[in-house]
Amino acid sequence: MGTNESPFRVIGTPRPKIDAVAKVTGALLFADDLVRPRMLHCKLLRAPHPHALIVGIDTTRAAVLPGVAAVLTGRDLPVPFGILPVSQDEHALCIERVRFVGDGVAAVAAVDEDTALAACELIDVEYEPLRAIASIEDALATREPALHDYGDDANVHKRVALDFGGVDDAMQGADVVREDVFFYEGNTHLAMEQHAALAEWSADGRLTLWSSTQTPHYVHRALSKVLELDPAHVRVIATPNGGGFGGKSDPFGHEIVVAELARRTGRPVKICLTREEVFYCHRGRHPTLMKIKTGLTRDGRILAMDFTSFLDGGAYGSYGVASTYYTGALQTVTYQVPAYRFRGVRVFTNKPPCGPKRGHGTPQPRFALECHLDKIAEQLGVDPAEWRQRILQPPNSVTANWLRIGSMALGHCISTVVQASGWAQKFRQLPFGHGVGIACSSYISGAGLPIYWNNMPHSSVQLKLDRSGGVAAFCGSTDIGQGSDSVLAFCVAEVLGIEPIDIRVVTGDTDLAPVDLGSYSSRVTMMTGHAAIQAAVRARDVLALAVAAKLGVAGDRLTVAGRRVFDAEDPRRSVSFAEAVQIAESGQGAVGTVGSYTPPRSPGRYKGAGVGPSPAYSYSCAVAEVEVEPSTGIVRVPKVWIAHDIGQAINPLLALGQVEGSVYMGLGEALMEEMTYRDAERRMVHHHPSMLEYKTPTTLEMCDVESFLIEEAEPGGPFGAKEVGQGPLLPIPPAVANAVYDAVGVRIDQVPCAPHAVLRALRDKMKGKDGRYGPTRVPDYNFPEASLVRTPAQGGDGREANGRPHDEVGENRESTAGVSTAGVSTAGAPPQEKR
């Protein structure tokens with residue numbers, strides 16, 4: 001951890017979460033804990049086919065079963081929805097076609113879950129099976145049947161081709177050119193809490209939905225759209241969340257279904273998905289096939305990089321357009337790459353839809369890049385840690401693809417873990433079966449643009465100061481276990497000179513709180529933090545003005561600390577915080593302030609420039625030590641050293657928990673986690689529909705972790721802070737893979753590094769073959785000619801060669817002309833027509 005003495009009083013001090021006591025005592029209520037009078041229970045009937053037409057549905061027998069209150073089919077909810085404006089391709093229940101095993105077909109509300117489940121079994125559905133698409137290659141080769149009638153080509157959802165700086169010309173001057181192919185298997189979030197939702201209508205026709213969601217604002221939008229409701233009459237409450245990791249950041253059909261069932265029955269309706277159904281919801285890591293080619297000088301300077309990715313998106317769009325861009329966006333923010341080409345394609349297949357999982361679209365290319373660099377370092381005959389230090393992207397620079405870098409302490413991270421791990425004494429020097437590997441990474445501190453383009457703030461906070469001395473803080477952000485409610489309280493407490501326990505935090509409620517766009521992309525600390533600080537500074541100024549008049553001193557001499565407002569030059573002249581609020585309220589009435597935050601504009605102006613920009617980038621470096629059993633291929637990781645460039649830790653206790661949680665999840669992806677399917681006769685049934693079969697690390701597999709928080713303040717962050725929720729996951733899989741090579745001399749170029757893969761590579765090496773396991777080629781896909789974008793070094797302006805301005809993944813612009821956004825909630829603003 002950083003050793004500099006903190007200039008703050010609350011910020012930077014280790015404190016428990018503000019909801020810690022409620023959690024450990026069981027007092028905190030999650031979505032499935034909620035009970036309403038006369039509540040009904042919902043169950044969904046799900047498709048047994050991966051791809052089929054719905055010929056007919058007969059709900060007669062289910063509807064007359066005693067205890068059943070209502071039955072729905074897709075015809076009852078015909079309006080489509082989706083998280084991105086460009087992929088509104090989902091229905092709450094399928095209407096004409098199912099696209100994966102588990103797609104929702106009908107829903108029942110009954111007096112209890114057993115009755116609802118029994119009623120689902122009485123629904124008769126006639127299907128006409130269609131050819132199922134099983135893989136990336138299958139999707140690229142299949143034009144009919146197409147899963148959707150939109151996208152870039154047949155079963156291609158999105159394709160991208162961008163060239164920054166002229167890669168082919170730059171490659172001509174390279175002394176060393178290396179090309180590698182990698183594969184990253186899909187995996188899922190496995191949050192401890194299943195998805196759950198409860199809907200209730202008031203007597204005057206207003207809807208309230210409680211849901212375990214990460215994005216109440218976007219659920220609000222989906223509900224008002226599909227149910228054709230006035231957004232002002234919809235209320236979404238994001239309940240305390242037992243883990244999300246991105247898996248609860250889409251709006252889901254079951255949330256809409258219970259709302260409609262509640263409307264039809266006049267009674268509250270709740271659903272809690274089974275673990276198997278959570279696997280159907282998925283939205284997890286995309287299986288990604290990648291090819292990377294890099295040209296360098298003899299002394300190791302990168303001249304050009306060419307990166308291609310193929311994503312298996314599953315059955316629906318989800319965040320897929322953004323996911324595609326993300327697989328190519330962030331390679332340049334870590335190392336100097338003066339010329340860069342990215343080509344990517346996302347396809348539809350008949351599997352549960354993929355979406356954002358911790359690190360959204362970036363762990364896959366990071367694995368490929370860091371393993372690729374490890375191979376280059378060996379080819380050049382240089383130490384991979386020392387070489388990475390030499391090629392780092394400098395701070396306060398703009399990358400070839402027009403991403404603006406602020407602070408950049410990755411060099412400090414590398415030197416920290418190299419020293420702590422004893423890298424110089426271990427690398428290439430441990431006995432056979434033992435090895436160390438290194439990898440670096442970067443991640444965004446919140447996306448630079450909203451999903452639905454508008455000029456409104458990304459986060460807003462309202463404060464209400466009470467004459468008792470308490471403060472209520474209202475924000476639309478959602479605590480998904482990462483401690484964002486605590487961050488909000490800590491920021492306000494720091495500015496106002498009070499304690500976090502004095503603050504009542506109200507979040508995730510679209511009726512009570514101003515809009516925050518959700519807990520995803522590591523955005524909450526950056527954006528809610530800034531909004532909270534602005535609101536708190538305004539509140540402090542209100543108090544200072546009132547107290548200055550009372551004490552007869554200049555306002556700029558007043559300061560706050562220890563729940564008091566006092567004269568900095570004569571601290572005996574003071575009033576308590578509660579008295580200060582009373583004085584202010586006596587003079588001007590109730591004391592309340594607002595704060596908002598909108599990220600700075602990205603310099604990129606090309607199509608797709610909306611994915612990748614961030615107010616700040618975090619950086620991580622990890623060294624993994626492994627033990628490999630040559631006879632079985634089993635890989636164990638006894639220890640990981642990891643350093644994370646956090647800027648400034650708001651709370652080091654919570655930050656270290658996020659780092660170690662990222663290591664745990666990264667370890668699971670590196671060694672064992674995968675979403676695999678049986679495709680006999682193209683049934684596409686998931687191999688692992690429960691936590692008994694989906695392997696994830698237990699305490700026996702979890703390694704020791706030595707963590708370091710590198711605190712070099714980020715000028716653009718709240719109190720200098722940057723993200724810590726997702727970035728530390730990224731270097732773990734490649735560090736493990738690189739360590740396996742150091743241990744036994746074989747390359748595992750796909751994730752997970754399973755025992756059979758290691759064993760196969762070892763056996764091939766013993767036979768004199770290439771000691772490697774992984775893909776050898778990518779599909780021969782005809783990408784369109786890459787749009788050439790001039791780089792900053794070439795004097796470009798961030799536009800494509802044809803001069804087109806950029807457009808965002810949403811491509812849905814909302815007019816805010818003549819509307820003041822200061823302190824105004826925009827939850828549930830109706831979607832505008834595409835232009």
# chains A, B, ... in the order shown; residues from 1 in each chain; ligands from 1

call {"tool": "select_by_dssp", "arguments": {"residues": "range 562-599 of chain A", "states": "strand (DSSP E)", "output": "ChimeraX atom specification"}}
result
/A:564-567,570-576,591-597

call {"tool": "select_by_dssp", "arguments": {"residues": "range 225-462 of chain A", "states": "helix (DSSP H, G or I)", "output": "PDB file with N, CA and C atoms, in the first residue's frame"}}
result
ATOM      1  N   LYS A 225     -41.502   1.219 -21.579  1.00  0.00           N
ATOM      2  CA  LYS A 225     -41.643   0.980 -23.004  1.00  0.00           C
ATOM      3  C   LYS A 225     -42.541  -0.228 -23.276  1.00  0.00           C
ATOM      4  N   VAL A 226     -42.209  -1.375 -22.689  1.00  0.00           N
ATOM      5  CA  VAL A 226     -42.920  -2.617 -23.007  1.00  0.00           C
ATOM      6  C   VAL A 226     -44.354  -2.574 -22.490  1.00  0.00           C
ATOM      7  N   PRO A 231     -43.698   7.053 -17.921  1.00  0.00           N
ATOM      8  CA  PRO A 231     -42.540   6.802 -17.058  1.00  0.00           C
ATOM      9  C   PRO A 231     -42.687   7.369 -15.654  1.00  0.00           C
ATOM     10  N   ALA A 232     -43.460   8.447 -15.515  1.00  0.00           N
ATOM     11  CA  ALA A 232     -43.641   9.044 -14.191  1.00  0.00           C
ATOM     12  C   ALA A 232     -44.447   8.154 -13.261  1.00  0.00           C
ATOM     13  N   HIS A 233     -45.101   7.135 -13.812  1.00  0.00           N
ATOM     14  CA  HIS A 233     -45.922   6.238 -12.999  1.00  0.00           C
ATOM     15  C   HIS A 233     -45.236   4.896 -12.747  1.00  0.00           C
ATOM     16  N   GLY A 253     -36.515 -10.214 -19.016  1.00  0.00           N
ATOM     17  CA  GLY A 253     -37.908 -10.524 -19.270  1.00  0.00           C
ATOM     18  C   GLY A 253     -38.697 -10.818 -18.021  1.00  0.00           C
ATOM     19  N   HIS A 254     -38.088 -11.479 -17.041  1.00  0.00           N
ATOM     20  CA  HIS A 254     -38.856 -11.840 -15.842  1.00  0.00           C
ATOM     21  C   HIS A 254     -39.284 -10.603 -15.060  1.00  0.00           C
ATOM     22  N   GLU A 255     -38.514  -9.505 -15.143  1.00  0.00           N
ATOM     23  CA  GLU A 255     -38.914  -8.275 -14.462  1.00  0.00           C
ATOM     24  C   GLU A 255     -40.179  -7.697 -15.098  1.00  0.00           C
ATOM     25  N   ILE A 256     -40.257  -7.763 -16.404  1.00  0.00           N
ATOM     26  CA  ILE A 256     -41.431  -7.258 -17.122  1.00  0.00           C
ATOM     27  C   ILE A 256     -42.626  -8.184 -16.910  1.00  0.00           C
ATOM     28  N   VAL A 257     -42.373  -9.482 -16.901  1.00  0.00           N
ATOM     29  CA  VAL A 257     -43.453 -10.462 -16.747  1.00  0.00           C
ATOM     30  C   VAL A 257     -44.174 -10.290 -15.413  1.00  0.00           C
ATOM     31  N   VAL A 258     -43.426 -10.170 -14.309  1.00  0.00           N
ATOM     32  CA  VAL A 258     -44.111 -10.047 -13.016  1.00  0.00           C
ATOM     33  C   VAL A 258     -44.877  -8.734 -12.928  1.00  0.00           C
ATOM     34  N   ALA A 259     -44.377  -7.687 -13.611  1.00  0.00           N
ATOM     35  CA  ALA A 259     -45.107  -6.423 -13.620  1.00  0.00           C
ATOM     36  C   ALA A 259     -46.446  -6.576 -14.337  1.00  0.00           C
ATOM     37  N   GLU A 260     -46.460  -7.260 -15.467  1.00  0.00           N
ATOM     38  CA  GLU A 260     -47.707  -7.459 -16.200  1.00  0.00           C
ATOM     39  C   GLU A 260     -48.649  -8.395 -15.442  1.00  0.00           C
ATOM     40  N   LEU A 261     -48.109  -9.448 -14.834  1.00  0.00           N
ATOM     41  CA  LEU A 261     -48.957 -10.349 -14.051  1.00  0.00           C
ATOM     42  C   LEU A 261     -49.586  -9.621 -12.863  1.00  0.00           C
ATOM     43  N   ALA A 262     -48.828  -8.738 -12.246  1.00  0.00           N
ATOM     44  CA  ALA A 262     -49.383  -7.968 -11.130  1.00  0.00           C
ATOM     45  C   ALA A 262     -50.489  -7.037 -11.605  1.00  0.00           C
ATOM     46  N   ARG A 263     -50.316  -6.459 -12.786  1.00  0.00           N
ATOM     47  CA  ARG A 263     -51.354  -5.584 -13.331  1.00  0.00           C
ATOM     48  C   ARG A 263     -52.630  -6.380 -13.606  1.00  0.00           C
ATOM     49  N   ARG A 264     -52.498  -7.578 -14.147  1.00  0.00           N
ATOM     50  CA  ARG A 264     -53.671  -8.370 -14.523  1.00  0.00           C
ATOM     51  C   ARG A 264     -54.387  -8.959 -13.319  1.00  0.00           C
ATOM     52  N   THR A 265     -53.646  -9.296 -12.292  1.00  0.00           N
ATOM     53  CA  THR A 265     -54.273  -9.952 -11.134  1.00  0.00           C
ATOM     54  C   THR A 265     -54.671  -8.977 -10.049  1.00  0.00           C
ATOM     55  N   ARG A 275     -31.197 -21.651  -9.773  1.00  0.00           N
ATOM     56  CA  ARG A 275     -29.827 -21.527 -10.262  1.00  0.00           C
ATOM     57  C   ARG A 275     -29.730 -21.894 -11.742  1.00  0.00           C
ATOM     58  N   GLU A 276     -30.486 -22.898 -12.165  1.00  0.00           N
ATOM     59  CA  GLU A 276     -30.476 -23.269 -13.571  1.00  0.00           C
ATOM     60  C   GLU A 276     -30.951 -22.107 -14.433  1.00  0.00           C
ATOM     61  N   GLU A 277     -31.980 -21.394 -13.979  1.00  0.00           N
ATOM     62  CA  GLU A 277     -32.498 -20.266 -14.754  1.00  0.00           C
ATOM     63  C   GLU A 277     -31.495 -19.117 -14.804  1.00  0.00           C
ATOM     64  N   VAL A 278     -30.683 -18.966 -13.771  1.00  0.00           N
ATOM     65  CA  VAL A 278     -29.647 -17.930 -13.794  1.00  0.00           C
ATOM     66  C   VAL A 278     -28.638 -18.223 -14.900  1.00  0.00           C
ATOM     67  N   PHE A 279     -28.331 -19.511 -15.082  1.00  0.00           N
ATOM     68  CA  PHE A 279     -27.461 -19.881 -16.197  1.00  0.00           C
ATOM     69  C   PHE A 279     -28.116 -19.523 -17.532  1.00  0.00           C
ATOM     70  N   TYR A 280     -29.442 -19.642 -17.621  1.00  0.00           N
ATOM     71  CA  TYR A 280     -30.130 -19.253 -18.851  1.00  0.00           C
ATOM     72  C   TYR A 280     -30.065 -17.737 -19.064  1.00  0.00           C
ATOM     73  N   CYS A 281     -30.199 -16.972 -18.003  1.00  0.00           N
ATOM     74  CA  CYS A 281     -30.075 -15.508 -18.132  1.00  0.00           C
ATOM     75  C   CYS A 281     -28.685 -15.121 -18.638  1.00  0.00           C
ATOM     76  N   GLY A 320     -23.793  -6.357 -26.824  1.00  0.00           N
ATOM     77  CA  GLY A 320     -22.846  -6.939 -27.753  1.00  0.00           C
ATOM     78  C   GLY A 320     -22.120  -5.974 -28.657  1.00  0.00           C
ATOM     79  N   VAL A 321     -22.768  -4.904 -29.106  1.00  0.00           N
ATOM     80  CA  VAL A 321     -22.072  -3.932 -29.949  1.00  0.00           C
ATOM     81  C   VAL A 321     -20.917  -3.309 -29.166  1.00  0.00           C
ATOM     82  N   ALA A 322     -21.192  -2.916 -27.922  1.00  0.00           N
ATOM     83  CA  ALA A 322     -20.131  -2.367 -27.086  1.00  0.00           C
ATOM     84  C   ALA A 322     -19.070  -3.416 -26.792  1.00  0.00           C
ATOM     85  N   SER A 323     -19.507  -4.662 -26.533  1.00  0.00           N
ATOM     86  CA  SER A 323     -18.557  -5.734 -26.236  1.00  0.00           C
ATOM     87  C   SER A 323     -17.573  -5.917 -27.380  1.00  0.00           C
ATOM     88  N   THR A 324     -18.074  -5.839 -28.609  1.00  0.00           N
ATOM     89  CA  THR A 324     -17.213  -6.014 -29.781  1.00  0.00           C
ATOM     90  C   THR A 324     -16.138  -4.941 -29.821  1.00  0.00           C
ATOM     91  N   TYR A 325     -16.546  -3.685 -29.666  1.00  0.00           N
ATOM     92  CA  TYR A 325     -15.571  -2.602 -29.662  1.00  0.00           C
ATOM     93  C   TYR A 325     -14.586  -2.734 -28.502  1.00  0.00           C
ATOM     94  N   TYR A 326     -15.082  -3.169 -27.337  1.00  0.00           N
ATOM     95  CA  TYR A 326     -14.200  -3.257 -26.170  1.00  0.00           C
ATOM     96  C   TYR A 326     -13.077  -4.275 -26.369  1.00  0.00           C
ATOM     97  N   THR A 327     -13.311  -5.321 -27.161  1.00  0.00           N
ATOM     98  CA  THR A 327     -12.228  -6.277 -27.375  1.00  0.00           C
ATOM     99  C   THR A 327     -11.064  -5.660 -28.133  1.00  0.00           C
ATOM    100  N   GLY A 328     -11.286  -4.501 -28.732  1.00  0.00           N
ATOM    101  CA  GLY A 328     -10.197  -3.858 -29.454  1.00  0.00           C
ATOM    102  C   GLY A 328      -9.768  -2.522 -28.913  1.00  0.00           C
ATOM    103  N   ALA A 329     -10.521  -1.947 -27.976  1.00  0.00           N
ATOM    104  CA  ALA A 329     -10.304  -0.546 -27.623  1.00  0.00           C
ATOM    105  C   ALA A 329      -9.091  -0.294 -26.738  1.00  0.00           C
ATOM    106  N   LEU A 330      -8.845  -1.176 -25.749  1.00  0.00           N
ATOM    107  CA  LEU A 330      -7.923  -0.809 -24.673  1.00  0.00           C
ATOM    108  C   LEU A 330      -6.512  -1.371 -24.811  1.00  0.00           C
ATOM    109  N   GLN A 331      -6.190  -2.036 -25.935  1.00  0.00           N
ATOM    110  CA  GLN A 331      -4.816  -2.527 -26.086  1.00  0.00           C
ATOM    111  C   GLN A 331      -3.798  -1.386 -26.053  1.00  0.00           C
ATOM    112  N   THR A 332      -4.208  -0.205 -26.480  1.00  0.00           N
ATOM    113  CA  THR A 332      -3.255   0.893 -26.664  1.00  0.00           C
ATOM    114  C   THR A 332      -2.998   1.721 -25.412  1.00  0.00           C
ATOM    115  N   VAL A 333      -3.828   1.569 -24.375  1.00  0.00           N
ATOM    116  CA  VAL A 333      -3.656   2.455 -23.214  1.00  0.00           C
ATOM    117  C   VAL A 333      -2.609   1.943 -22.235  1.00  0.00           C
ATOM    118  N   PRO A 363     -10.980  -8.795 -20.625  1.00  0.00           N
ATOM    119  CA  PRO A 363     -10.102  -9.900 -20.191  1.00  0.00           C
ATOM    120  C   PRO A 363      -9.634 -10.776 -21.347  1.00  0.00           C
ATOM    121  N   GLN A 364     -10.505 -10.989 -22.338  1.00  0.00           N
ATOM    122  CA  GLN A 364     -10.132 -11.853 -23.462  1.00  0.00           C
ATOM    123  C   GLN A 364      -8.947 -11.270 -24.248  1.00  0.00           C
ATOM    124  N   PRO A 365      -9.027 -10.038 -24.748  1.00  0.00           N
ATOM    125  CA  PRO A 365      -7.868  -9.498 -25.472  1.00  0.00           C
ATOM    126  C   PRO A 365      -6.666  -9.274 -24.574  1.00  0.00           C
ATOM    127  N   ARG A 366      -6.891  -9.014 -23.287  1.00  0.00           N
ATOM    128  CA  ARG A 366      -5.752  -8.844 -22.387  1.00  0.00           C
ATOM    129  C   ARG A 366      -4.981 -10.149 -22.241  1.00  0.00           C
ATOM    130  N   PHE A 367      -5.719 -11.273 -22.158  1.00  0.00           N
ATOM    131  CA  PHE A 367      -5.057 -12.578 -22.118  1.00  0.00           C
ATOM    132  C   PHE A 367      -4.214 -12.781 -23.368  1.00  0.00           C
ATOM    133  N   ALA A 368      -4.808 -12.488 -24.521  1.00  0.00           N
ATOM    134  CA  ALA A 368      -4.083 -12.667 -25.775  1.00  0.00           C
ATOM    135  C   ALA A 368      -2.854 -11.762 -25.840  1.00  0.00           C
ATOM    136  N   LEU A 369      -3.020 -10.502 -25.506  1.00  0.00           N
ATOM    137  CA  LEU A 369      -1.922  -9.545 -25.619  1.00  0.00           C
ATOM    138  C   LEU A 369      -0.781  -9.888 -24.677  1.00  0.00           C
ATOM    139  N   GLU A 370      -1.087 -10.189 -23.410  1.00  0.00           N
ATOM    140  CA  GLU A 370      -0.016 -10.427 -22.440  1.00  0.00           C
ATOM    141  C   GLU A 370       0.721 -11.734 -22.702  1.00  0.00           C
ATOM    142  N   CYS A 371       0.031 -12.763 -23.182  1.00  0.00           N
ATOM    143  CA  CYS A 371       0.721 -14.003 -23.567  1.00  0.00           C
ATOM    144  C   CYS A 371       1.555 -13.775 -24.829  1.00  0.00           C
ATOM    145  N   HIS A 372       1.010 -13.008 -25.760  1.00  0.00           N
ATOM    146  CA  HIS A 372       1.721 -12.658 -26.994  1.00  0.00           C
ATOM    147  C   HIS A 372       3.011 -11.898 -26.663  1.00  0.00           C
ATOM    148  N   LEU A 373       2.924 -10.937 -25.748  1.00  0.00           N
ATOM    149  CA  LEU A 373       4.104 -10.164 -25.365  1.00  0.00           C
ATOM    150  C   LEU A 373       5.138 -11.036 -24.660  1.00  0.00           C
ATOM    151  N   ASP A 374       4.666 -12.014 -23.881  1.00  0.00           N
ATOM    152  CA  ASP A 374       5.596 -12.913 -23.220  1.00  0.00           C
ATOM    153  C   ASP A 374       6.407 -13.703 -24.245  1.00  0.00           C
ATOM    154  N   LYS A 375       5.731 -14.108 -25.311  1.00  0.00           N
ATOM    155  CA  LYS A 375       6.426 -14.838 -26.379  1.00  0.00           C
ATOM    156  C   LYS A 375       7.418 -13.929 -27.106  1.00  0.00           C
ATOM    157  N   ILE A 376       7.027 -12.685 -27.325  1.00  0.00           N
ATOM    158  CA  ILE A 376       7.920 -11.744 -27.991  1.00  0.00           C
ATOM    159  C   ILE A 376       9.160 -11.486 -27.132  1.00  0.00           C
ATOM    160  N   ALA A 377       8.945 -11.324 -25.818  1.00  0.00           N
ATOM    161  CA  ALA A 377      10.076 -11.086 -24.920  1.00  0.00           C
ATOM    162  C   ALA A 377      11.084 -12.220 -25.006  1.00  0.00           C
ATOM    163  N   GLU A 378      10.588 -13.445 -25.052  1.00  0.00           N
ATOM    164  CA  GLU A 378      11.505 -14.587 -25.178  1.00  0.00           C
ATOM    165  C   GLU A 378      12.210 -14.563 -26.531  1.00  0.00           C
ATOM    166  N   GLN A 379      11.475 -14.216 -27.566  1.00  0.00           N
ATOM    167  CA  GLN A 379      12.062 -14.152 -28.901  1.00  0.00           C
ATOM    168  C   GLN A 379      13.153 -13.090 -28.974  1.00  0.00           C
ATOM    169  N   LEU A 380      12.930 -11.962 -28.263  1.00  0.00           N
ATOM    170  CA  LEU A 380      13.917 -10.886 -28.249  1.00  0.00           C
ATOM    171  C   LEU A 380      15.048 -11.147 -27.266  1.00  0.00           C
ATOM    172  N   PRO A 384      10.727 -10.215 -19.504  1.00  0.00           N
ATOM    173  CA  PRO A 384       9.399  -9.668 -19.838  1.00  0.00           C
ATOM    174  C   PRO A 384       8.953  -8.550 -18.911  1.00  0.00           C
ATOM    175  N   ALA A 385       9.417  -8.551 -17.670  1.00  0.00           N
ATOM    176  CA  ALA A 385       9.047  -7.469 -16.752  1.00  0.00           C
ATOM    177  C   ALA A 385       9.790  -6.193 -17.108  1.00  0.00           C
ATOM    178  N   GLU A 386      11.104  -6.329 -17.347  1.00  0.00           N
ATOM    179  CA  GLU A 386      11.913  -5.161 -17.689  1.00  0.00           C
ATOM    180  C   GLU A 386      11.483  -4.568 -19.019  1.00  0.00           C
ATOM    181  N   TRP A 387      11.132  -5.437 -19.992  1.00  0.00           N
ATOM    182  CA  TRP A 387      10.713  -4.936 -21.304  1.00  0.00           C
ATOM    183  C   TRP A 387       9.403  -4.165 -21.212  1.00  0.00           C
ATOM    184  N   ARG A 388       8.466  -4.663 -20.422  1.00  0.00           N
ATOM    185  CA  ARG A 388       7.200  -3.948 -20.260  1.00  0.00           C
ATOM    186  C   ARG A 388       7.440  -2.550 -19.704  1.00  0.00           C
ATOM    187  N   GLN A 389       8.372  -2.423 -18.784  1.00  0.00           N
ATOM    188  CA  GLN A 389       8.692  -1.093 -18.240  1.00  0.00           C
ATOM    189  C   GLN A 389       9.135  -0.141 -19.343  1.00  0.00           C
ATOM    190  N   ARG A 390       9.851  -0.651 -20.332  1.00  0.00           N
ATOM    191  CA  ARG A 390      10.417   0.210 -21.381  1.00  0.00           C
ATOM    192  C   ARG A 390       9.389   0.682 -22.405  1.00  0.00           C
ATOM    193  N   LEU A 410       1.598   2.432 -13.836  1.00  0.00           N
ATOM    194  CA  LEU A 410       1.856   1.019 -14.093  1.00  0.00           C
ATOM    195  C   LEU A 410       3.323   0.664 -13.865  1.00  0.00           C
ATOM    196  N   GLY A 411       4.211   1.579 -14.182  1.00  0.00           N
ATOM    197  CA  GLY A 411       5.622   1.310 -13.923  1.00  0.00           C
ATOM    198  C   GLY A 411       5.881   1.036 -12.457  1.00  0.00           C
ATOM    199  N   HIS A 412       5.242   1.801 -11.600  1.00  0.00           N
ATOM    200  CA  HIS A 412       5.354   1.592 -10.146  1.00  0.00           C
ATOM    201  C   HIS A 412       4.764   0.236  -9.763  1.00  0.00           C
ATOM    202  N   CYS A 413       3.652  -0.121 -10.393  1.00  0.00           N
ATOM    203  CA  CYS A 413       3.033  -1.430 -10.121  1.00  0.00           C
ATOM    204  C   CYS A 413       3.993  -2.560 -10.490  1.00  0.00           C
ATOM    205  N   ILE A 414       4.621  -2.463 -11.658  1.00  0.00           N
ATOM    206  CA  ILE A 414       5.532  -3.520 -12.103  1.00  0.00           C
ATOM    207  C   ILE A 414       6.702  -3.667 -11.138  1.00  0.00           C
ATOM    208  N   SER A 415       7.347  -2.559 -10.810  1.00  0.00           N
ATOM    209  CA  SER A 415       8.508  -2.636  -9.918  1.00  0.00           C
ATOM    210  C   SER A 415       8.123  -3.159  -8.543  1.00  0.00           C
ATOM    211  N   THR A 416       6.899  -2.842  -8.096  1.00  0.00           N
ATOM    212  CA  THR A 416       6.456  -3.299  -6.779  1.00  0.00           C
ATOM    213  C   THR A 416       6.315  -4.814  -6.730  1.00  0.00           C
ATOM    214  N   VAL A 417       5.630  -5.407  -7.714  1.00  0.00           N
ATOM    215  CA  VAL A 417       5.415  -6.859  -7.661  1.00  0.00           C
ATOM    216  C   VAL A 417       6.676  -7.626  -8.032  1.00  0.00           C
ATOM    217  N   VAL A 418       7.500  -7.045  -8.875  1.00  0.00           N
ATOM    218  CA  VAL A 418       8.771  -7.698  -9.203  1.00  0.00           C
ATOM    219  C   VAL A 418       9.629  -7.839  -7.957  1.00  0.00           C
ATOM    220  N   GLN A 419       9.691  -6.771  -7.173  1.00  0.00           N
ATOM    221  CA  GLN A 419      10.493  -6.825  -5.953  1.00  0.00           C
ATOM    222  C   GLN A 419       9.858  -7.735  -4.906  1.00  0.00           C
ATOM    223  N   ALA A 420       8.533  -7.606  -4.709  1.00  0.00           N
ATOM    224  CA  ALA A 420       7.872  -8.384  -3.652  1.00  0.00           C
ATOM    225  C   ALA A 420       7.897  -9.879  -3.936  1.00  0.00           C
ATOM    226  N   SER A 421       7.818 -10.254  -5.200  1.00  0.00           N
ATOM    227  CA  SER A 421       7.750 -11.672  -5.561  1.00  0.00           C
ATOM    228  C   SER A 421       9.109 -12.337  -5.658  1.00  0.00           C
ATOM    229  N   TRP A 423      11.070 -11.825  -8.235  1.00  0.00           N
ATOM    230  CA  TRP A 423      11.032 -12.197  -9.648  1.00  0.00           C
ATOM    231  C   TRP A 423      12.426 -12.523 -10.196  1.00  0.00           C
ATOM    232  N   ALA A 424      13.391 -11.689  -9.900  1.00  0.00           N
ATOM    233  CA  ALA A 424      14.726 -11.876 -10.471  1.00  0.00           C
ATOM    234  C   ALA A 424      15.360 -13.189 -10.043  1.00  0.00           C
ATOM    235  N   GLN A 425      14.981 -13.672  -8.854  1.00  0.00           N
ATOM    236  CA  GLN A 425      15.545 -14.916  -8.352  1.00  0.00           C
ATOM    237  C   GLN A 425      14.743 -16.143  -8.785  1.00  0.00           C
ATOM    238  N   LYS A 426      13.541 -15.928  -9.334  1.00  0.00           N
ATOM    239  CA  LYS A 426      12.660 -17.051  -9.663  1.00  0.00           C
ATOM    240  C   LYS A 426      12.473 -17.271 -11.166  1.00  0.00           C
TER     241      LYS A 426
END

call {"tool": "residues_around", "arguments": {"residues": "Val345 in chain A", "least_positions_apart": "3", "cutoff": "6 Å", "atoms": "only C-alpha atoms", "output": "PyMOL selection string"}}
result
chain A and resi 158-159+310

call {"tool": "residues_around", "arguments": {"residues": "Gly314 in chain A", "least_positions_apart": "5", "cutoff": "8 Å", "atoms": "only C-alpha atoms", "output": "compact mmCIF listing (two decimals) with C-alpha atoms, in the first residue's frame"}}
result
# COMPACT_ATOMS: atom_id res chain seq x y z
CA VAL A 347 -22.08 -13.45 -34.24
CA PHE A 348 -25.41 -14.83 -33.08
CA THR A 349 -25.58 -18.48 -31.95
CA ASN A 350 -28.28 -20.57 -30.30
CA LYS A 351 -26.89 -20.26 -26.78
CA PRO A 352 -27.82 -18.03 -23.84
CA PRO A 353 -26.88 -14.44 -24.70
CA CYS A 354 -23.50 -13.12 -23.66

call {"tool": "residues_around", "arguments": {"residues": "range 531-534 of chain A", "least_positions_apart": "6", "cutoff": "8 Å", "atoms": "only C-alpha atoms", "output": "VMD selection string"}}
result
chain A and resid 459 to 462 488 491 to 492 495 594 to 597 718
